[in-house]
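Heads up, the thing below is written out as structure tokens.
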Amino acid sequence: MICTTDGAHCNTPTEIRGARQKPVPHPRIARFPWLFLLMLSTQVAIAAPPGGSLEIVKPWSRATAPGTTVGVAYLEIVNSGKQDTLVRVEATVARRVEMHSMATVGGVMQMRELLSVDVPAQGRVRFEPSGLHMMLIDLAHPLKKGDRIPLILVFQHAGKVPAEAIVQDLGTMTPPGGKDAE
Amino acid sequence: MTSTPGRLPRRGLILALGAAVLIAGTLLTSYWLRPPEFRLTALPPGPALSDFSLIDYDGRPRSLADYRNQVVVIYFGYVHCPDACPAELFKLDQVMKLLGPASRQVRVLFITLDPERDTPQVLKSYVTAFNPAFVGLTGTTVQIDQVAASFNVEHAKVPSGEDYAIDHSSETYVLDARGHLRLRGSAFTRIDDFAHDLKVLIH
């Protein structure tokens, strides 16, 4: 109960709040309109990230030694939605991009081309050294540290999702900023 | 007679000292003669490897005997290898840097398993990009098959897209200065472990 000092008018808090609420939808929005707008913009960004429910995390590549015409690209695909399939990768810097699996069987490294890579619902797929990788074939020029390589990942459902791989030093074994892609 | 009580303990002291010196000497000798402790996989002692006959990236004929009196590190790979080979060559360069001046007593040889595509010129620009002291070796298909077989290195050409890739053993081999195969490292061998073992073989 909130009453005036003379006790002539006594109103319940709800009544007072109701009276104040009329000109604006919510007192917090009225007090912090910039915060409201910021939250709203985040909501929009979350609702429609490029690639829908697929996020491409830390795409990177490695500088190439002179003499070779092949390079490599690594990244992580984080899927917050339904199952999808990566069917093709394109790069302007390479004539062709192949997806490869790598396994060591009895001490022998076996690299195999994959025609597609499954991205499970609510799951993730990691392309990384000594594992799945994208091989960039017939490079237009050697890759130098600091170069940015535009990639287009083509998914069965999500369609084309762009990414940009940052070229790391020759021999680098971990993505920029450490092993964890988080 | 007055000296007897003093002489007996002195003789005992000399005996005890002698025994102590003997024991300490034995321990020290066995410690000094202990087998070296390697961190890479030590291979059972065998006869010296059969020599190879290849050419280096300057077109000079090369055999294993050319590198006698040096510790030799051999990696089999190919230039069109996107993932494992550059990683291994980069690692070996890091090992050389860690060794410092002692690295002059080590020779790293990259033997191609893809002599068709890896010409001496291609090999030279590729291998020396990792370290100017690294040597790239190639040869005829038969010569490459022979040297790979002498190291038990398996390799097979497999079609990949429009092209081909090469499945191959991913190990790195270390030979001592007398040309005997001593150690085997892998992609997971750490740089400091590699440097440690090479130092043991140098001394």
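Each chain in the structure tokens gets a letter, A, B, ..., in the order shown, and its residues are numbered from 1; ligands are numbered from 1 in order too.
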Kindly assemble as JSON lines a list of the chain B residues that lie within 8 Å of chain A, each paired with its nearest atom pair and their distance in Å to one decimal, using only C-alpha atoms, sorted first by chain and then by ascending residue number.
{"residue": "B:Val79", "atom": "CA", "partner": "A:Thr68", "partner_atom": "CA", "distance": 5.8}
{"residue": "B:His80", "atom": "CA", "partner": "A:Val70", "partner_atom": "CA", "distance": 6.0}
{"residue": "B:Cys81", "atom": "CA", "partner": "A:Val70", "partner_atom": "CA", "distance": 7.5}
{"residue": "B:Pro82", "atom": "CA", "partner": "A:Gly71", "partner_atom": "CA", "distance": 5.7}
{"residue": "B:Asp83", "atom": "CA", "partner": "A:Pro129", "partner_atom": "CA", "distance": 6.4}
{"residue": "B:Ala84", "atom": "CA", "partner": "A:Ser130", "partner_atom": "CA", "distance": 6.7}
{"residue": "B:Pro86", "atom": "CA", "partner": "A:Gly171", "partner_atom": "CA", "distance": 6.1}
{"residue": "B:Ala87", "atom": "CA", "partner": "A:Gly171", "partner_atom": "CA", "distance": 4.9}
{"residue": "B:Glu88", "atom": "CA", "partner": "A:Gly171", "partner_atom": "CA", "distance": 7.9}
{"residue": "B:Leu89", "atom": "CA", "partner": "A:Gly171", "partner_atom": "CA", "distance": 7.8}
{"residue": "B:Phe90", "atom": "CA", "partner": "A:Gly171", "partner_atom": "CA", "distance": 5.0}
{"residue": "B:Lys91", "atom": "CA", "partner": "A:Gly171", "partner_atom": "CA", "distance": 7.2}
{"residue": "B:Val122", "atom": "CA", "partner": "A:Gly67", "partner_atom": "CA", "distance": 4.9}
{"residue": "B:Leu123", "atom": "CA", "partner": "A:Gly67", "partner_atom": "CA", "distance": 7.0}
{"residue": "B:Lys124", "atom": "CA", "partner": "A:Gly67", "partner_atom": "CA", "distance": 7.9}
{"residue": "B:Ser125", "atom": "CA", "partner": "A:Gly67", "partner_atom": "CA", "distance": 5.4}
{"residue": "B:Tyr126", "atom": "CA", "partner": "A:Gly67", "partner_atom": "CA", "distance": 5.0}
{"residue": "B:Val127", "atom": "CA", "partner": "A:Ala65", "partner_atom": "CA", "distance": 8.0}
{"residue": "B:Ala129", "atom": "CA", "partner": "A:Ala65", "partner_atom": "CA", "distance": 5.9}
{"residue": "B:Phe130", "atom": "CA", "partner": "A:Ala65", "partner_atom": "CA", "distance": 7.5}
{"residue": "B:Glu154", "atom": "CA", "partner": "A:Val108", "partner_atom": "CA", "distance": 6.9}
{"residue": "B:His155", "atom": "CA", "partner": "A:Val108", "partner_atom": "CA", "distance": 7.8}
{"residue": "B:Ser160", "atom": "CA", "partner": "A:Glu113", "partner_atom": "CA", "distance": 6.0}
{"residue": "B:Gly161", "atom": "CA", "partner": "A:Glu113", "partner_atom": "CA", "distance": 6.9}
{"residue": "B:Ala165", "atom": "CA", "partner": "A:Met111", "partner_atom": "CA", "distance": 7.2}
{"residue": "B:Ile166", "atom": "CA", "partner": "A:Gln110", "partner_atom": "CA", "distance": 7.7}
{"residue": "B:Asp167", "atom": "CA", "partner": "A:Gln110", "partner_atom": "CA", "distance": 4.9}
{"residue": "B:His168", "atom": "CA", "partner": "A:Val108", "partner_atom": "CA", "distance": 5.0}
{"residue": "B:Ser169", "atom": "CA", "partner": "A:Val108", "partner_atom": "CA", "distance": 4.0}
{"residue": "B:Ser170", "atom": "CA", "partner": "A:Val108", "partner_atom": "CA", "distance": 6.1}
{"residue": "B:Glu171", "atom": "CA", "partner": "A:Gly107", "partner_atom": "CA", "distance": 7.4}
From a DSSP calculation on the backbone, collect every residue of stretch 60-142 of chain B in alpha helix (DSSP H) and output the set as a list in words. Ala84, Cys85, Pro86, Ala87, Glu88, Leu89, Phe90, Lys91, Leu92, Asp93, Gln94, Val95, Met96, Lys97, Leu98, Leu99, Pro120, Gln121, Val122, Leu123, Lys124, Ser125, Tyr126, Val127, Thr128, Ala129, Phe130, Thr141 and Val142 of chain B
Skip B:Ile74 itself and residues of its chain fewer than 6 positions away, then list as a VMD selection string all residues within 12 Å of it, counting only C-alpha atoms. chain B and resid 64 67 88 to 89 92 106 to 112 134 to 137 147 to 148 151 153 170 to 176 179 181 to 186
Export, as a compact mmCIF listing (two decimals), in the first residue's frame, the selected residues with C-alpha atoms.
# COMPACT_ATOMS: atom_id res chain seq x y z
CA LEU B 64 73.67 -43.49 -48.59
CA TYR B 67 76.12 -39.21 -45.87
CA GLU B 88 56.61 -33.34 -41.17
CA LEU B 89 59.13 -31.22 -43.07
CA LEU B 92 62.06 -31.40 -38.93
CA VAL B 106 72.54 -34.13 -39.17
CA ARG B 107 71.32 -34.50 -42.74
CA VAL B 108 67.62 -34.54 -43.58
CA LEU B 109 66.70 -36.41 -46.76
CA PHE B 110 63.27 -36.16 -48.36
CA ILE B 111 62.83 -39.08 -50.74
CA THR B 112 59.94 -38.66 -53.17
CA PHE B 134 67.41 -30.30 -46.55
CA VAL B 135 68.12 -32.59 -49.49
CA GLY B 136 65.48 -33.89 -51.90
CA LEU B 137 66.13 -37.19 -53.66
CA VAL B 147 64.83 -47.78 -51.51
CA ALA B 148 61.27 -47.76 -50.13
CA PHE B 151 62.98 -49.27 -45.27
CA VAL B 153 57.97 -48.25 -46.58
CA SER B 170 54.15 -41.88 -42.52
CA GLU B 171 57.18 -42.70 -40.40
CA THR B 172 60.47 -40.86 -40.25
CA TYR B 173 63.67 -42.91 -40.01
CA VAL B 174 66.92 -42.06 -38.27
CA LEU B 175 70.26 -43.64 -39.18
CA ASP B 176 73.39 -43.28 -37.09
CA GLY B 179 74.63 -45.97 -41.64
CA LEU B 181 68.95 -47.78 -39.00
CA ARG B 182 68.36 -46.85 -35.35
CA LEU B 183 65.10 -45.03 -34.75
CA ARG B 184 61.62 -44.52 -36.10
CA GLY B 185 59.51 -41.44 -35.44
CA SER B 186 55.93 -40.66 -36.34
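Going from atom CA of A:Phe155 to atom CA of A:Val87 covers 5.6 Å.
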Considering only strand (DSSP E or B) as DSSP defines it on the backbone, what residues of stretch 77-165 of chain A qualify? List them as an NGL selection string. :A and (77-79 or 84-91 or 94-105 or 108-114 or 117-119 or 124-127 or 133-139 or 148-155 or 159-165)
Polymer residues at most 10 Å from stretch 77-82 of chain A, only C-alpha atoms, same-chain spacing of 3 or more positions, as a VMD selection string: chain A and resid 51 to 59 86 119 to 127 157 to 158
Now that the selection is made, can you save its residues with all heavy atoms as a compact mmCIF listing (two decimals), in the first residue's frame?
# COMPACT_ATOMS: atom_id res chain seq x y z
N GLY A 51 23.66 -18.71 -43.91
CA GLY A 51 23.74 -20.16 -43.94
C GLY A 51 22.71 -20.81 -43.03
O GLY A 51 22.76 -22.01 -42.78
N GLY A 52 21.78 -20.03 -42.54
CA GLY A 52 20.71 -20.58 -41.71
C GLY A 52 21.26 -21.14 -40.43
O GLY A 52 21.90 -20.43 -39.67
N SER A 53 21.04 -22.44 -40.18
CA SER A 53 21.45 -23.03 -38.92
C SER A 53 22.89 -23.54 -38.96
O SER A 53 23.36 -24.16 -38.04
CB SER A 53 20.50 -24.17 -38.57
OG SER A 53 20.44 -25.05 -39.66
N LEU A 54 23.58 -23.28 -40.07
CA LEU A 54 24.97 -23.74 -40.19
C LEU A 54 25.93 -22.60 -39.93
O LEU A 54 25.80 -21.52 -40.49
CB LEU A 54 25.22 -24.30 -41.60
CG LEU A 54 24.42 -25.53 -41.99
CD1 LEU A 54 24.62 -25.83 -43.46
CD2 LEU A 54 24.84 -26.73 -41.15
N GLU A 55 26.90 -22.87 -39.08
CA GLU A 55 27.91 -21.85 -38.80
C GLU A 55 29.28 -22.40 -39.18
O GLU A 55 29.61 -23.54 -38.84
CB GLU A 55 27.88 -21.49 -37.31
CG GLU A 55 28.59 -20.20 -37.02
CD GLU A 55 28.86 -20.01 -35.52
OE1 GLU A 55 28.27 -20.76 -34.70
OE2 GLU A 55 29.67 -19.14 -35.19
N ILE A 56 30.06 -21.62 -39.90
CA ILE A 56 31.40 -22.04 -40.29
C ILE A 56 32.37 -21.38 -39.32
O ILE A 56 32.47 -20.16 -39.26
CB ILE A 56 31.73 -21.62 -41.74
CG1 ILE A 56 30.60 -22.01 -42.70
CG2 ILE A 56 33.07 -22.19 -42.18
CD1 ILE A 56 30.28 -23.48 -42.78
N VAL A 57 33.06 -22.22 -38.54
CA VAL A 57 33.92 -21.70 -37.48
C VAL A 57 35.41 -21.82 -37.86
O VAL A 57 35.86 -22.89 -38.29
CB VAL A 57 33.65 -22.48 -36.16
CG1 VAL A 57 34.52 -21.95 -35.03
CG2 VAL A 57 32.18 -22.37 -35.78
N LYS A 58 36.13 -20.74 -37.68
CA LYS A 58 37.58 -20.68 -37.86
C LYS A 58 38.09 -21.35 -39.14
O LYS A 58 38.89 -22.30 -39.08
CB LYS A 58 38.30 -21.28 -36.66
CG LYS A 58 38.25 -20.36 -35.45
CD LYS A 58 39.22 -20.77 -34.39
CE LYS A 58 39.17 -19.79 -33.24
NZ LYS A 58 39.95 -20.21 -32.09
N PRO A 59 37.67 -20.87 -40.30
CA PRO A 59 38.25 -21.43 -41.51
C PRO A 59 39.70 -20.95 -41.66
O PRO A 59 39.97 -19.77 -41.47
CB PRO A 59 37.37 -20.85 -42.63
CG PRO A 59 36.60 -19.74 -42.03
CD PRO A 59 36.72 -19.79 -40.54
N LEU A 86 27.24 -31.60 -46.92
CA LEU A 86 28.15 -30.75 -47.70
C LEU A 86 28.46 -31.52 -48.98
O LEU A 86 29.03 -32.61 -48.94
CB LEU A 86 29.43 -30.48 -46.90
CG LEU A 86 30.51 -29.63 -47.57
CD1 LEU A 86 30.02 -28.24 -47.93
CD2 LEU A 86 31.74 -29.52 -46.66
N VAL A 119 26.52 -33.68 -42.34
CA VAL A 119 26.56 -32.80 -41.17
C VAL A 119 25.33 -33.13 -40.33
O VAL A 119 24.22 -32.72 -40.67
CB VAL A 119 26.56 -31.30 -41.58
CG1 VAL A 119 26.76 -30.42 -40.36
CG2 VAL A 119 27.63 -31.02 -42.62
N PRO A 120 25.51 -33.88 -39.25
CA PRO A 120 24.34 -34.34 -38.49
C PRO A 120 23.58 -33.18 -37.84
O PRO A 120 24.15 -32.13 -37.57
CB PRO A 120 24.95 -35.26 -37.43
CG PRO A 120 26.39 -34.96 -37.39
CD PRO A 120 26.77 -34.38 -38.70
N ALA A 121 22.30 -33.41 -37.59
CA ALA A 121 21.47 -32.42 -36.91
C ALA A 121 22.05 -32.14 -35.53
O ALA A 121 22.48 -33.08 -34.85
CB ALA A 121 20.04 -32.94 -36.79
N GLN A 122 22.10 -30.88 -35.15
CA GLN A 122 22.65 -30.47 -33.85
C GLN A 122 24.06 -31.01 -33.65
O GLN A 122 24.48 -31.28 -32.53
CB GLN A 122 21.76 -30.96 -32.69
CG GLN A 122 20.30 -30.57 -32.80
CD GLN A 122 20.09 -29.06 -32.67
OE1 GLN A 122 20.79 -28.39 -31.93
NE2 GLN A 122 19.15 -28.53 -33.42
N GLY A 123 24.78 -31.18 -34.74
CA GLY A 123 26.13 -31.76 -34.62
C GLY A 123 27.17 -30.86 -35.25
O GLY A 123 26.89 -29.75 -35.68
N ARG A 124 28.39 -31.36 -35.28
CA ARG A 124 29.48 -30.60 -35.87
C ARG A 124 30.43 -31.51 -36.63
O ARG A 124 30.57 -32.69 -36.29
CB ARG A 124 30.22 -29.79 -34.82
CG ARG A 124 30.58 -30.56 -33.56
CD ARG A 124 31.30 -29.67 -32.56
NE ARG A 124 30.44 -28.61 -32.03
CZ ARG A 124 30.89 -27.47 -31.52
NH1 ARG A 124 32.17 -27.23 -31.49
NH2 ARG A 124 30.06 -26.59 -31.03
N VAL A 125 31.05 -30.96 -37.64
CA VAL A 125 32.04 -31.69 -38.42
C VAL A 125 33.30 -30.84 -38.44
O VAL A 125 33.24 -29.65 -38.71
CB VAL A 125 31.55 -31.93 -39.86
CG1 VAL A 125 32.65 -32.56 -40.71
CG2 VAL A 125 30.32 -32.81 -39.87
N ARG A 126 34.42 -31.47 -38.12
CA ARG A 126 35.67 -30.71 -38.04
C ARG A 126 36.64 -31.18 -39.12
O ARG A 126 36.99 -32.35 -39.18
CB ARG A 126 36.27 -30.87 -36.65
CG ARG A 126 37.38 -29.88 -36.34
CD ARG A 126 37.95 -30.09 -34.96
NE ARG A 126 37.16 -29.41 -33.94
CZ ARG A 126 37.53 -29.33 -32.67
NH1 ARG A 126 38.66 -29.89 -32.27
NH2 ARG A 126 36.79 -28.70 -31.80
N PHE A 127 37.06 -30.24 -39.95
CA PHE A 127 38.14 -30.50 -40.91
C PHE A 127 39.42 -30.02 -40.21
O PHE A 127 39.50 -28.85 -39.81
CB PHE A 127 37.91 -29.70 -42.20
CG PHE A 127 36.77 -30.23 -43.05
CD1 PHE A 127 35.45 -29.93 -42.74
CD2 PHE A 127 37.04 -31.02 -44.16
CE1 PHE A 127 34.41 -30.42 -43.53
CE2 PHE A 127 36.00 -31.51 -44.96
CZ PHE A 127 34.68 -31.21 -44.64
N HIS A 157 20.80 -28.75 -48.43
CA HIS A 157 19.61 -28.00 -48.05
C HIS A 157 19.87 -26.50 -47.90
O HIS A 157 19.10 -25.69 -48.38
CB HIS A 157 19.03 -28.56 -46.75
CG HIS A 157 18.67 -30.01 -46.86
ND1 HIS A 157 17.76 -30.47 -47.78
CD2 HIS A 157 19.14 -31.10 -46.20
CE1 HIS A 157 17.66 -31.79 -47.68
NE2 HIS A 157 18.50 -32.20 -46.73
N ALA A 158 20.94 -26.15 -47.22
CA ALA A 158 21.20 -24.73 -46.93
C ALA A 158 21.71 -23.97 -48.15
O ALA A 158 21.72 -22.74 -48.15
CB ALA A 158 22.20 -24.62 -45.79
